[in-house]
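Some notes on the structure that comes next.
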Amino acid sequence: MSDIATTTGYTAILDGRVLRITLTNPKRKNAIDYDTMAALGDTIRAASTNPAVRVIVVTGEGGDFCTGADLSAADEYTARGITNEMILDAANGMVKAIVEAPIPVIARVKGSAAGIGVAIALAADLTYLSEDAYLLLAFINIGLMPDGGAAGLVAAAAGRPLAAEMALLGERLPARDALAHGLVAGVYSEAGLDAKVEAAVDKLAHGPRRALELTKQALGTAALSSFDAVLAAEKSGQCELLDSADFAEGAAAMLQKRKAVFAE
């Protein structure tokens, strides 16, 4: 094994033909900040052009996959001159890197996948969940809208009705419901999850690279032909909402662990 990247937000280790990426912020349930999103996108793009890498696995350290963007870093962003537009560009670039990678990407999801974590999970070609996992587009609860292509990824896999329910109500979707709606490829016990992921890894790592690449392109054309338009619409709307009074209240309520009170 060899390190491709080791940062404060994730590790990327080349294990034979497999690039294993692990989000490493377990104290905040693997919430990710601007630097992590930007670097992770770069890592995946670099792996996409590396003939030694045949499959990528993305997972989270500990009991959760990723609970979304790290809102606690807001003051640091202001001090460093990092704008909302820069953050959204980093998020979009990271998710696009997964979608556009010519090699298969597997998401191994335990516990919570929320916010941008949903986008990371569903951008993968094969998404496998543990029985205790759930998907949560909680943006509306803090006065925001989905970003990172989440709205398009859910709608592409399960249709507009479920996407609307997840995005507008901001409620958890348990793993079994996600499977029933066709959002994910499978749901397993913890031991079964590891066995399934490794079986898929082994087959893909020794598969015909070009055939896998062209198959992935065709699937993307069929399901995600308007993905760039979705990203643009989300970025425009989210930039407006991030400057709103509702978001200021929602973020404060979230950090203070209370219910948000939005303007009438």
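The way I read the labels, and the way they are meant: chains A, B, ... in the order of the structure tokens, residue 1 as the first residue of every chain, and ligand 1 as the first ligand shown, with later ones counted on from there.
Within the 10 Å cut-off around range 227-237 of chain A, using only C-alpha atoms and omitting residues fewer than 4 positions from it on the same chain, the listed residues are A:Asn84, A:Glu85, A:Ile87, A:Leu88, A:Asp89, A:Ala91, A:Asn92, A:Gly93, A:Val95, A:Lys96, A:Val99, A:Leu144, A:Met145, A:Pro146, A:Asp147, A:Gly148, A:Gly149, A:Ala150, A:Ala151, A:Gly152, A:Leu153, A:Ala156, A:Gly220, A:Thr221, A:Ala223, A:Leu241, A:Leu242.
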Selection export as a CSV table (one decimal), in the first residue's frame, atoms kept: N, CA and C atoms:
chain,number,residue,atom,x,y,z
A,84,ASN,N,-18.4,32.1,-0.6
A,84,ASN,CA,-19.4,31.0,-0.8
A,84,ASN,C,-19.3,30.4,-2.2
A,85,GLU,N,-19.0,31.3,-3.2
A,85,GLU,CA,-18.9,30.8,-4.5
A,85,GLU,C,-17.7,29.8,-4.6
A,87,ILE,N,-16.5,27.9,-2.3
A,87,ILE,CA,-16.9,26.7,-1.6
A,87,ILE,C,-17.8,25.8,-2.5
A,88,LEU,N,-18.7,26.4,-3.1
A,88,LEU,CA,-19.6,25.7,-4.0
A,88,LEU,C,-18.9,25.2,-5.2
A,89,ASP,N,-17.9,25.9,-5.7
A,89,ASP,CA,-17.1,25.4,-6.9
A,89,ASP,C,-16.3,24.2,-6.4
A,91,ALA,N,-17.1,22.1,-4.0
A,91,ALA,CA,-18.1,21.0,-3.8
A,91,ALA,C,-18.5,20.4,-5.2
A,92,ASN,N,-18.8,21.2,-6.1
A,92,ASN,CA,-19.2,20.8,-7.4
A,92,ASN,C,-18.1,20.1,-8.1
A,93,GLY,N,-16.9,20.6,-8.0
A,93,GLY,CA,-15.7,20.0,-8.6
A,93,GLY,C,-15.5,18.6,-8.1
A,95,VAL,N,-17.7,16.5,-6.7
A,95,VAL,CA,-18.7,15.5,-7.1
A,95,VAL,C,-18.6,15.2,-8.6
A,96,LYS,N,-18.3,16.2,-9.4
A,96,LYS,CA,-18.1,16.0,-10.9
A,96,LYS,C,-16.9,15.1,-11.1
A,99,VAL,N,-18.3,11.6,-10.7
A,99,VAL,CA,-19.2,11.3,-11.8
A,99,VAL,C,-18.5,11.1,-13.1
A,144,LEU,N,-31.5,26.5,3.4
A,144,LEU,CA,-30.7,26.3,2.2
A,144,LEU,C,-31.4,25.4,1.2
A,145,MET,N,-30.8,25.1,0.1
A,145,MET,CA,-31.3,24.1,-0.9
A,145,MET,C,-30.2,23.1,-1.2
A,146,PRO,N,-30.5,22.0,-1.7
A,146,PRO,CA,-29.5,21.0,-2.0
A,146,PRO,C,-28.4,21.5,-2.9
A,147,ASP,N,-27.2,21.1,-2.8
A,147,ASP,CA,-26.1,21.4,-3.7
A,147,ASP,C,-25.2,20.2,-4.0
A,148,GLY,N,-24.1,20.5,-4.7
A,148,GLY,CA,-23.3,19.3,-5.1
A,148,GLY,C,-23.9,18.4,-6.0
A,149,GLY,N,-25.0,18.8,-6.7
A,149,GLY,CA,-25.7,17.9,-7.6
A,149,GLY,C,-26.7,17.0,-7.0
A,150,ALA,N,-26.9,17.1,-5.7
A,150,ALA,CA,-27.7,16.2,-4.9
A,150,ALA,C,-29.2,16.1,-5.5
A,151,ALA,N,-29.7,17.2,-5.9
A,151,ALA,CA,-31.1,17.2,-6.4
A,151,ALA,C,-31.2,16.4,-7.7
A,152,GLY,N,-30.2,16.6,-8.5
A,152,GLY,CA,-30.2,15.8,-9.8
A,152,GLY,C,-29.8,14.4,-9.6
A,153,LEU,N,-29.0,14.0,-8.7
A,153,LEU,CA,-28.6,12.6,-8.5
A,153,LEU,C,-29.8,11.8,-7.9
A,156,ALA,N,-32.4,11.6,-10.7
A,156,ALA,CA,-32.0,10.7,-11.8
A,156,ALA,C,-32.2,9.2,-11.4
A,220,GLY,N,-23.9,7.4,-17.7
A,220,GLY,CA,-24.0,8.9,-17.4
A,220,GLY,C,-24.8,9.7,-18.4
A,221,THR,N,-24.6,9.3,-19.7
A,221,THR,CA,-25.4,10.0,-20.7
A,221,THR,C,-26.9,9.8,-20.6
A,223,ALA,N,-28.5,8.9,-17.7
A,223,ALA,CA,-29.1,9.4,-16.5
A,223,ALA,C,-28.8,10.8,-16.0
A,241,LEU,N,-29.0,32.1,-1.1
A,241,LEU,CA,-29.5,31.6,0.2
A,241,LEU,C,-28.4,31.7,1.3
A,242,LEU,N,-27.2,31.5,0.9
A,242,LEU,CA,-26.1,31.6,1.9
A,242,LEU,C,-25.9,33.0,2.5
Which of range 20-222 of chain A fall in alpha helix (DSSP H), as an MDAnalysis selection string: chainID A and resid 34:48 74:80 84:100 116:123 150:158 160:169 175:180 190:205 209:222
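Comparing the minimum interatomic distances between Ala218 in chain A and each of A:Pro102, A:Pro51, A:Gly159, A:Gly68, counting only C-alpha atoms, we find that A:Pro102 sits nearest.
In this comparison, which uses only C-alpha atoms, the residue of A:Gln217, A:Thr49, A:Thr8, A:Asn141 approaching Met37 in chain A most closely is A:Thr8.
Each of A:Arg108, A:Lys257, A:Arg209, A:Arg17 was compared to Val57 in chain A using only C-alpha atoms, and A:Arg108 turns out to be the nearest.
Rounded to one decimal, CA of Leu224 in chain A and CA of Val184 in chain A lie 15.7 Å from each other.
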Do you know which residues are at most 9 Å from Met94 in chain A counting only C-alpha atoms, after dropping those on the same chain fewer than 6 positions away, and could you put them as a ChimeraX atom specification? /A:37-42,44-45,120,148
Residue subset to file, keeping C-alpha atoms, as an mmCIF file, in the first residue's frame:
data_model
loop_
_atom_site.group_PDB
_atom_site.id
_atom_site.type_symbol
_atom_site.label_atom_id
_atom_site.label_comp_id
_atom_site.auth_asym_id
_atom_site.auth_seq_id
_atom_site.Cartn_x
_atom_site.Cartn_y
_atom_site.Cartn_z
ATOM 1 C CA MET A 37 -13.483 19.173 -0.932
ATOM 2 C CA ALA A 38 -10.929 20.921 -3.138
ATOM 3 C CA ALA A 39 -8.141 18.427 -2.406
ATOM 4 C CA LEU A 40 -10.412 15.406 -2.736
ATOM 5 C CA GLY A 41 -11.534 16.537 -6.180
ATOM 6 C CA ASP A 42 -7.879 16.875 -7.207
ATOM 7 C CA ILE A 44 -9.881 11.754 -7.763
ATOM 8 C CA ARG A 45 -9.014 13.572 -10.999
ATOM 9 C CA ILE A 120 -20.788 11.998 -2.738
ATOM 10 C CA GLY A 148 -23.277 19.339 -5.078
#
Could you list, as number ranges by chain, every residue within 8 Å of Ala175 in chain A, counting only C-alpha atoms and ignoring same-chain residues fewer than 6 positions away? A: 129-135, 187
Write a file of the selected residues as a PDB file, in the first residue's frame, keeping N, CA and C atoms.
ATOM      1  N   LEU A 129     -24.970   0.412   1.222  1.00  0.00           N
ATOM      2  CA  LEU A 129     -25.265   0.953   2.546  1.00  0.00           C
ATOM      3  C   LEU A 129     -25.305  -0.143   3.596  1.00  0.00           C
ATOM      4  N   SER A 130     -24.937   0.220   4.822  1.00  0.00           N
ATOM      5  CA  SER A 130     -25.177  -0.660   5.966  1.00  0.00           C
ATOM      6  C   SER A 130     -26.637  -0.532   6.374  1.00  0.00           C
ATOM      7  N   GLU A 131     -27.123  -1.491   7.125  1.00  0.00           N
ATOM      8  CA  GLU A 131     -28.529  -1.488   7.517  1.00  0.00           C
ATOM      9  C   GLU A 131     -28.898  -0.289   8.384  1.00  0.00           C
ATOM     10  N   ASP A 132     -27.927   0.267   9.106  1.00  0.00           N
ATOM     11  CA  ASP A 132     -28.212   1.412   9.976  1.00  0.00           C
ATOM     12  C   ASP A 132     -28.022   2.754   9.263  1.00  0.00           C
ATOM     13  N   ALA A 133     -27.668   2.738   7.997  1.00  0.00           N
ATOM     14  CA  ALA A 133     -27.386   3.979   7.277  1.00  0.00           C
ATOM     15  C   ALA A 133     -28.673   4.704   6.900  1.00  0.00           C
ATOM     16  N   TYR A 134     -28.532   5.984   6.625  1.00  0.00           N
ATOM     17  CA  TYR A 134     -29.659   6.765   6.104  1.00  0.00           C
ATOM     18  C   TYR A 134     -29.132   7.918   5.265  1.00  0.00           C
ATOM     19  N   LEU A 135     -29.984   8.415   4.374  1.00  0.00           N
ATOM     20  CA  LEU A 135     -29.674   9.571   3.548  1.00  0.00           C
ATOM     21  C   LEU A 135     -30.524  10.739   4.036  1.00  0.00           C
ATOM     22  N   VAL A 187     -28.159  -3.017   0.402  1.00  0.00           N
ATOM     23  CA  VAL A 187     -28.114  -2.745   1.841  1.00  0.00           C
ATOM     24  C   VAL A 187     -27.709  -4.032   2.545  1.00  0.00           C
TER      25      VAL A 187
END
Considering only C-alpha atoms, can you say which of A:Ile106, A:Ala52, A:Ala245, A:Val58 comes closest to Glu264 in chain A? A:Ala245
Polymer residues at most 6 Å from range 193-205 of chain A, only C-alpha atoms, same-chain spacing of 5 or more positions, as an MDAnalysis selection string: chainID A and resid 17 54:55 188
Write out the residues from the selection above, keeping all heavy atoms, as a PDB file, in the first residue's frame.
ATOM      1  N   ARG A  17      -4.542  -2.199  -7.115  1.00  0.00           N
ATOM      2  CA  ARG A  17      -5.221  -1.433  -8.156  1.00  0.00           C
ATOM      3  C   ARG A  17      -6.361  -0.582  -7.607  1.00  0.00           C
ATOM      4  O   ARG A  17      -7.105   0.037  -8.362  1.00  0.00           O
ATOM      5  CB  ARG A  17      -5.793  -2.394  -9.216  1.00  0.00           C
ATOM      6  CG  ARG A  17      -4.748  -3.181  -9.979  1.00  0.00           C
ATOM      7  CD  ARG A  17      -5.411  -4.082 -11.012  1.00  0.00           C
ATOM      8  NE  ARG A  17      -4.428  -4.658 -11.923  1.00  0.00           N
ATOM      9  CZ  ARG A  17      -4.744  -5.359 -13.002  1.00  0.00           C
ATOM     10  NH1 ARG A  17      -6.026  -5.569 -13.308  1.00  0.00           N
ATOM     11  NH2 ARG A  17      -3.804  -5.854 -13.779  1.00  0.00           N
ATOM     12  N   ARG A  54      -7.570   1.207 -10.834  1.00  0.00           N
ATOM     13  CA  ARG A  54      -8.657   0.611 -11.625  1.00  0.00           C
ATOM     14  C   ARG A  54     -10.024   0.769 -10.984  1.00  0.00           C
ATOM     15  O   ARG A  54     -11.050   0.594 -11.633  1.00  0.00           O
ATOM     16  CB  ARG A  54      -8.369  -0.884 -11.864  1.00  0.00           C
ATOM     17  CG  ARG A  54      -7.036  -1.154 -12.537  1.00  0.00           C
ATOM     18  CD  ARG A  54      -6.964  -0.584 -13.947  1.00  0.00           C
ATOM     19  NE  ARG A  54      -7.841  -1.269 -14.849  1.00  0.00           N
ATOM     20  CZ  ARG A  54      -7.485  -2.377 -15.529  1.00  0.00           C
ATOM     21  NH1 ARG A  54      -6.269  -2.890 -15.384  1.00  0.00           N
ATOM     22  NH2 ARG A  54      -8.336  -2.953 -16.353  1.00  0.00           N
ATOM     23  N   VAL A  55     -10.036   1.091  -9.699  1.00  0.00           N
ATOM     24  CA  VAL A  55     -11.308   1.304  -8.995  1.00  0.00           C
ATOM     25  C   VAL A  55     -11.044   2.173  -7.772  1.00  0.00           C
ATOM     26  O   VAL A  55      -9.953   2.124  -7.194  1.00  0.00           O
ATOM     27  CB  VAL A  55     -11.961  -0.048  -8.597  1.00  0.00           C
ATOM     28  CG1 VAL A  55     -11.069  -0.842  -7.669  1.00  0.00           C
ATOM     29  CG2 VAL A  55     -13.331   0.167  -7.954  1.00  0.00           C
ATOM     30  N   TYR A 188     -26.753  -3.952   3.469  1.00  0.00           N
ATOM     31  CA  TYR A 188     -26.181  -5.153   4.063  1.00  0.00           C
ATOM     32  C   TYR A 188     -25.900  -4.955   5.552  1.00  0.00           C
ATOM     33  O   TYR A 188     -25.810  -3.823   6.034  1.00  0.00           O
ATOM     34  CB  TYR A 188     -24.850  -5.498   3.361  1.00  0.00           C
ATOM     35  CG  TYR A 188     -25.007  -5.723   1.880  1.00  0.00           C
ATOM     36  CD1 TYR A 188     -24.870  -4.662   0.985  1.00  0.00           C
ATOM     37  CD2 TYR A 188     -25.313  -6.976   1.367  1.00  0.00           C
ATOM     38  CE1 TYR A 188     -25.033  -4.849  -0.384  1.00  0.00           C
ATOM     39  CE2 TYR A 188     -25.475  -7.180   0.005  1.00  0.00           C
ATOM     40  CZ  TYR A 188     -25.337  -6.114  -0.864  1.00  0.00           C
ATOM     41  OH  TYR A 188     -25.514  -6.304  -2.214  1.00  0.00           O
TER      42      TYR A 188
END
